[in-house]
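Read the structure below first, then the notes.
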Amino acid sequence: MEIGDSFQQETKYEPEKLGGHSLDWAGRPKQFKSHENAIETISLPEPSFGDERDIWSILQNRRSERRFNAEKELPLNTLSVLLWATQGLTARAGDTFFRAAPSAGALYPIETYFYARSVESIKKGIYHFRPDFFDLEFLREGDFSRSLSDAALGQAMVTRAQITFIWSAVVERSKWKYRQRAYRYIYLDAGHIAENLYLAAEALNLSTCTIGAFFDDYINSIIAVDGIEETVLYMAVAGIYK
Ligand SMILES: Cc1cc2nc3c(=O)[nH]c(=O)nc-3n(C[C@H](O)[C@H](O)[C@H](O)COP(=O)(O)O)c2cc1C
């Protein structure tokens, strides 16, 4: 068996293997991440959703669209809607905040970073979204179109899209409860988030396409994570075509 095959086998739940694991509540990892060294924090506007589209036509028409009009600028409100739809907080029960996308055990291991190539009123660069403050941390200023495209195996859509999302996982948030099986769940969580992006983009008549083909550690270095405790899982481009 090769590594993927043995991963699937060794992370199976089986009746005789369950049990014997109690949760260390005192050592529970933090639910939210902040960067002390952020250049600045930027508040996001309350998302304004505009015209209502019915869910059935959105499902019918959702597509991966790789064409972008590179000259256009994405309105900040549109970015706000996409961040809300993918990872916005939508409810609270005690200390647990629920989000627009589901998460195994409500542990929310996924962090959202993005490269803003052309977004109204914010500089070109790498940002981190904080769902708990509904704001942005500005992490790195600069033009990352070329390096992100290189890191995505040369996929040129990254150089034309208004934004490129990068989703990472803080693995311990999920491992705390699910141990090695957590690795299954973090990928499932990322899939839910990406589908929310697809549906929100379709509702807003935007182009989007997810990206699974990238050099992991190249992306990890761009968002300054170690690739072990926190590691990139998935990416997506989004923006304006028409
Ligand atoms: C996990 C995953 C990874 C993907 N990675 C890429 C990618 O790296 N580049 C790309 O152009 N499309 C990528 N796609 C988009 C698929 O090619 C697309 O979903 C598929 O062709 C079906 O088309 P549709 O999304 O329009 O229905 C990916 C999709 C998924 C679900």
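Ligands are numbered from 1 in the order shown, chains are lettered A, B, ... in the order of the structure tokens, and residues start at 1 in each chain.
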What residues have any atom no more than 8 Å from ligand 1 when counting only C-alpha atoms and all ligand atoms, and can you list them as a PyMOL selection string? chain A and resi 62-66+152+155+191+209-214+234
If you run DSSP on the backbone, which residues of range 28-149 of chain A are strand (DSSP E), as a PyMOL selection string? chain A and resi 40-43+89-93+96-99+110-116+125-130+135-141
Please report, as CSV, each residue of range 77-178 of chain A lying at most 7 Å from range 38-57 of chain A, together with the nearest pair of atoms and the separation in Å rounded to one decimal; use only C-alpha atoms, and order rows by chain and ascending residue number.
```
residue,atom,partner,partner_atom,distance
A:Asn77,CA,A:Pro47,CA,5.9
A:Ser80,CA,A:Pro47,CA,5.4
A:Val81,CA,A:Pro47,CA,5.0
A:Phe134,CA,A:Leu44,CA,6.3
A:Asp135,CA,A:Ser43,CA,4.5
A:Leu136,CA,A:Ile42,CA,5.0
A:Glu137,CA,A:Thr41,CA,4.5
A:Phe138,CA,A:Glu40,CA,5.4
A:Leu139,CA,A:Ala38,CA,5.0
```
Quick one: write out the picked residues with all heavy atoms as a PDB file, in the first residue's frame?
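Generated file (result.pdb):
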```
ATOM      1  N   ASN A  77     -17.573  45.805  -1.127  1.00  0.00           N
ATOM      2  CA  ASN A  77     -18.759  45.094  -0.637  1.00  0.00           C
ATOM      3  C   ASN A  77     -18.829  43.678  -1.200  1.00  0.00           C
ATOM      4  O   ASN A  77     -19.243  42.750  -0.504  1.00  0.00           O
ATOM      5  CB  ASN A  77     -20.045  45.856  -0.990  1.00  0.00           C
ATOM      6  CG  ASN A  77     -21.269  45.051  -0.570  1.00  0.00           C
ATOM      7  OD1 ASN A  77     -21.467  44.768   0.616  1.00  0.00           O
ATOM      8  ND2 ASN A  77     -22.065  44.618  -1.538  1.00  0.00           N
ATOM      9  N   SER A  80     -16.627  41.540   0.725  1.00  0.00           N
ATOM     10  CA  SER A  80     -17.278  41.326   2.014  1.00  0.00           C
ATOM     11  C   SER A  80     -18.315  40.197   1.925  1.00  0.00           C
ATOM     12  O   SER A  80     -18.370  39.313   2.793  1.00  0.00           O
ATOM     13  CB  SER A  80     -17.956  42.638   2.385  1.00  0.00           C
ATOM     14  OG  SER A  80     -18.102  42.790   3.709  1.00  0.00           O
ATOM     15  N   VAL A  81     -19.098  40.212   0.854  1.00  0.00           N
ATOM     16  CA  VAL A  81     -20.135  39.171   0.671  1.00  0.00           C
ATOM     17  C   VAL A  81     -19.466  37.803   0.510  1.00  0.00           C
ATOM     18  O   VAL A  81     -19.902  36.808   1.105  1.00  0.00           O
ATOM     19  CB  VAL A  81     -21.042  39.487  -0.547  1.00  0.00           C
ATOM     20  CG1 VAL A  81     -21.995  38.326  -0.829  1.00  0.00           C
ATOM     21  CG2 VAL A  81     -21.842  40.766  -0.314  1.00  0.00           C
ATOM     22  N   PHE A 134     -14.815  40.356  11.757  1.00  0.00           N
ATOM     23  CA  PHE A 134     -15.241  40.658  10.388  1.00  0.00           C
ATOM     24  C   PHE A 134     -14.371  41.787   9.820  1.00  0.00           C
ATOM     25  O   PHE A 134     -14.827  42.836   9.392  1.00  0.00           O
ATOM     26  CB  PHE A 134     -16.740  41.005  10.295  1.00  0.00           C
ATOM     27  CG  PHE A 134     -17.254  40.806   8.893  1.00  0.00           C
ATOM     28  CD1 PHE A 134     -17.382  39.539   8.352  1.00  0.00           C
ATOM     29  CD2 PHE A 134     -17.557  41.890   8.075  1.00  0.00           C
ATOM     30  CE1 PHE A 134     -17.795  39.342   7.042  1.00  0.00           C
ATOM     31  CE2 PHE A 134     -17.981  41.707   6.759  1.00  0.00           C
ATOM     32  CZ  PHE A 134     -18.101  40.428   6.253  1.00  0.00           C
ATOM     33  N   ASP A 135     -13.077  41.512   9.850  1.00  0.00           N
ATOM     34  CA  ASP A 135     -12.148  42.496   9.281  1.00  0.00           C
ATOM     35  C   ASP A 135     -10.983  41.794   8.592  1.00  0.00           C
ATOM     36  O   ASP A 135     -10.949  40.547   8.530  1.00  0.00           O
ATOM     37  CB  ASP A 135     -11.666  43.485  10.357  1.00  0.00           C
ATOM     38  CG  ASP A 135     -10.719  42.872  11.374  1.00  0.00           C
ATOM     39  OD1 ASP A 135     -10.362  41.677  11.263  1.00  0.00           O
ATOM     40  OD2 ASP A 135     -10.316  43.597  12.315  1.00  0.00           O
ATOM     41  N   LEU A 136     -10.081  42.585   8.061  1.00  0.00           N
ATOM     42  CA  LEU A 136      -8.914  42.060   7.352  1.00  0.00           C
ATOM     43  C   LEU A 136      -7.652  42.448   8.090  1.00  0.00           C
ATOM     44  O   LEU A 136      -7.553  43.565   8.612  1.00  0.00           O
ATOM     45  CB  LEU A 136      -8.837  42.670   5.943  1.00  0.00           C
ATOM     46  CG  LEU A 136     -10.050  42.487   5.053  1.00  0.00           C
ATOM     47  CD1 LEU A 136      -9.839  43.229   3.733  1.00  0.00           C
ATOM     48  CD2 LEU A 136     -10.304  40.999   4.799  1.00  0.00           C
ATOM     49  N   GLU A 137      -6.710  41.537   8.101  1.00  0.00           N
ATOM     50  CA  GLU A 137      -5.359  41.897   8.519  1.00  0.00           C
ATOM     51  C   GLU A 137      -4.520  41.976   7.250  1.00  0.00           C
ATOM     52  O   GLU A 137      -4.472  41.018   6.475  1.00  0.00           O
ATOM     53  CB  GLU A 137      -4.782  40.822   9.446  1.00  0.00           C
ATOM     54  CG  GLU A 137      -5.485  40.750  10.778  1.00  0.00           C
ATOM     55  CD  GLU A 137      -4.918  39.643  11.660  1.00  0.00           C
ATOM     56  OE1 GLU A 137      -4.668  38.534  11.165  1.00  0.00           O
ATOM     57  OE2 GLU A 137      -4.730  39.904  12.858  1.00  0.00           O
ATOM     58  N   PHE A 138      -3.885  43.111   7.052  1.00  0.00           N
ATOM     59  CA  PHE A 138      -3.027  43.313   5.881  1.00  0.00           C
ATOM     60  C   PHE A 138      -1.650  42.774   6.250  1.00  0.00           C
ATOM     61  O   PHE A 138      -0.996  43.306   7.151  1.00  0.00           O
ATOM     62  CB  PHE A 138      -2.984  44.813   5.559  1.00  0.00           C
ATOM     63  CG  PHE A 138      -2.260  45.146   4.285  1.00  0.00           C
ATOM     64  CD1 PHE A 138      -2.188  44.260   3.222  1.00  0.00           C
ATOM     65  CD2 PHE A 138      -1.657  46.397   4.147  1.00  0.00           C
ATOM     66  CE1 PHE A 138      -1.519  44.585   2.046  1.00  0.00           C
ATOM     67  CE2 PHE A 138      -0.993  46.740   2.969  1.00  0.00           C
ATOM     68  CZ  PHE A 138      -0.921  45.821   1.919  1.00  0.00           C
ATOM     69  N   LEU A 139      -1.229  41.722   5.555  1.00  0.00           N
ATOM     70  CA  LEU A 139      -0.005  41.029   5.969  1.00  0.00           C
ATOM     71  C   LEU A 139       1.216  41.394   5.138  1.00  0.00           C
ATOM     72  O   LEU A 139       2.312  41.523   5.667  1.00  0.00           O
ATOM     73  CB  LEU A 139      -0.205  39.509   5.913  1.00  0.00           C
ATOM     74  CG  LEU A 139      -1.341  38.934   6.765  1.00  0.00           C
ATOM     75  CD1 LEU A 139      -1.373  37.411   6.629  1.00  0.00           C
ATOM     76  CD2 LEU A 139      -1.182  39.323   8.238  1.00  0.00           C
TER      77      LEU A 139
END
```
For Ala236 in chain A: contacts at 12 Å, only C-alpha atoms, fewer than 4 positions along chain excluded, given as a PyMOL selection string: chain A and resi 64-66+82+86+112-115+148-149+152+155+157-158+161-167+190-191+193-198+201+207-214+232
Residues of the last selection are to be written out with C-alpha atoms, as an mmCIF file, in the first residue's frame.
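Result saved to selection_14.cif:
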```cif
data_model
loop_
_atom_site.group_PDB
_atom_site.id
_atom_site.type_symbol
_atom_site.label_atom_id
_atom_site.label_comp_id
_atom_site.auth_asym_id
_atom_site.auth_seq_id
_atom_site.Cartn_x
_atom_site.Cartn_y
_atom_site.Cartn_z
ATOM 1 C CA SER A 64 -15.838 26.895 -12.941
ATOM 2 C CA GLU A 65 -15.040 30.024 -14.940
ATOM 3 C CA ARG A 66 -11.397 30.792 -15.589
ATOM 4 C CA LEU A 82 -17.718 36.440 -0.504
ATOM 5 C CA THR A 86 -17.469 31.326 2.884
ATOM 6 C CA THR A 112 -8.836 32.335 5.011
ATOM 7 C CA TYR A 113 -6.064 34.302 3.320
ATOM 8 C CA PHE A 114 -6.298 36.008 -0.032
ATOM 9 C CA TYR A 115 -4.276 37.968 -2.504
ATOM 10 C CA LEU A 148 1.096 32.791 -6.936
ATOM 11 C CA SER A 149 0.633 31.725 -10.521
ATOM 12 C CA ALA A 152 -0.184 27.182 -8.818
ATOM 13 C CA GLN A 155 -2.089 28.637 -13.944
ATOM 14 C CA MET A 157 -5.939 32.798 -14.286
ATOM 15 C CA VAL A 158 -4.266 33.858 -11.030
ATOM 16 C CA ALA A 161 -8.471 37.342 -11.239
ATOM 17 C CA GLN A 162 -9.271 40.208 -8.880
ATOM 18 C CA ILE A 163 -8.690 37.942 -5.873
ATOM 19 C CA THR A 164 -7.082 34.600 -5.118
ATOM 20 C CA PHE A 165 -8.258 32.825 -1.978
ATOM 21 C CA ILE A 166 -5.869 30.593 -0.047
ATOM 22 C CA TRP A 167 -7.413 28.337 2.585
ATOM 23 C CA ALA A 190 -12.460 23.129 2.817
ATOM 24 C CA GLY A 191 -14.744 21.609 0.183
ATOM 25 C CA ILE A 193 -16.207 26.507 2.027
ATOM 26 C CA ALA A 194 -15.258 26.372 -1.636
ATOM 27 C CA GLU A 195 -18.753 25.330 -2.683
ATOM 28 C CA ASN A 196 -20.152 28.302 -0.771
ATOM 29 C CA LEU A 197 -17.768 30.472 -2.791
ATOM 30 C CA TYR A 198 -19.005 28.908 -6.031
ATOM 31 C CA ALA A 201 -20.063 33.909 -6.970
ATOM 32 C CA SER A 207 -16.274 34.134 -12.162
ATOM 33 C CA THR A 208 -14.654 31.641 -9.838
ATOM 34 C CA CYS A 209 -12.569 28.497 -10.083
ATOM 35 C CA THR A 210 -11.067 26.436 -7.295
ATOM 36 C CA ILE A 211 -7.443 25.309 -7.430
ATOM 37 C CA GLY A 212 -6.084 22.071 -6.034
ATOM 38 C CA ALA A 213 -2.878 22.047 -8.090
ATOM 39 C CA PHE A 214 -0.134 24.025 -6.333
ATOM 40 C CA VAL A 232 -2.464 25.281 2.772
#
```
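Using only C-alpha atoms, the smallest distance between any of A:Phe32, A:Tyr108, A:Tyr127, A:Tyr241 and Arg67 in chain A comes from A:Tyr241.
Our summary of the geometry notes that CA of Asp217 in chain A is positioned 8.3 Å from CA of Thr231 in chain A.
The shortest atom-to-atom distance to Tyr187 in chain A, with only C-alpha atoms taken into account, belongs to A:Leu233 out of A:Leu233, A:Ile122, A:Val171, A:Ala116.
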Enter the distance from CA of Thr159 in chain A to CA of Asn220 in chain A, in Å, rounded to one decimal. 18.5 Å
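Checking A:Ile228, A:Lys17, A:Val119, A:Ala101 one by one against Thr78 in chain A, counting only C-alpha atoms, you find the shortest gap at A:Val119.
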Could you please determine the separation between CA of Arg160 in chain A and CA of Asn69 in chain A in Å, to one decimal place? 6.9 Å
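When only C-alpha atoms are used to compute distances to Lys124 in chain A, the closest of the residues A:Trp84, A:Ser221, A:Gly142, A:Thr90 turns out to be A:Gly142.
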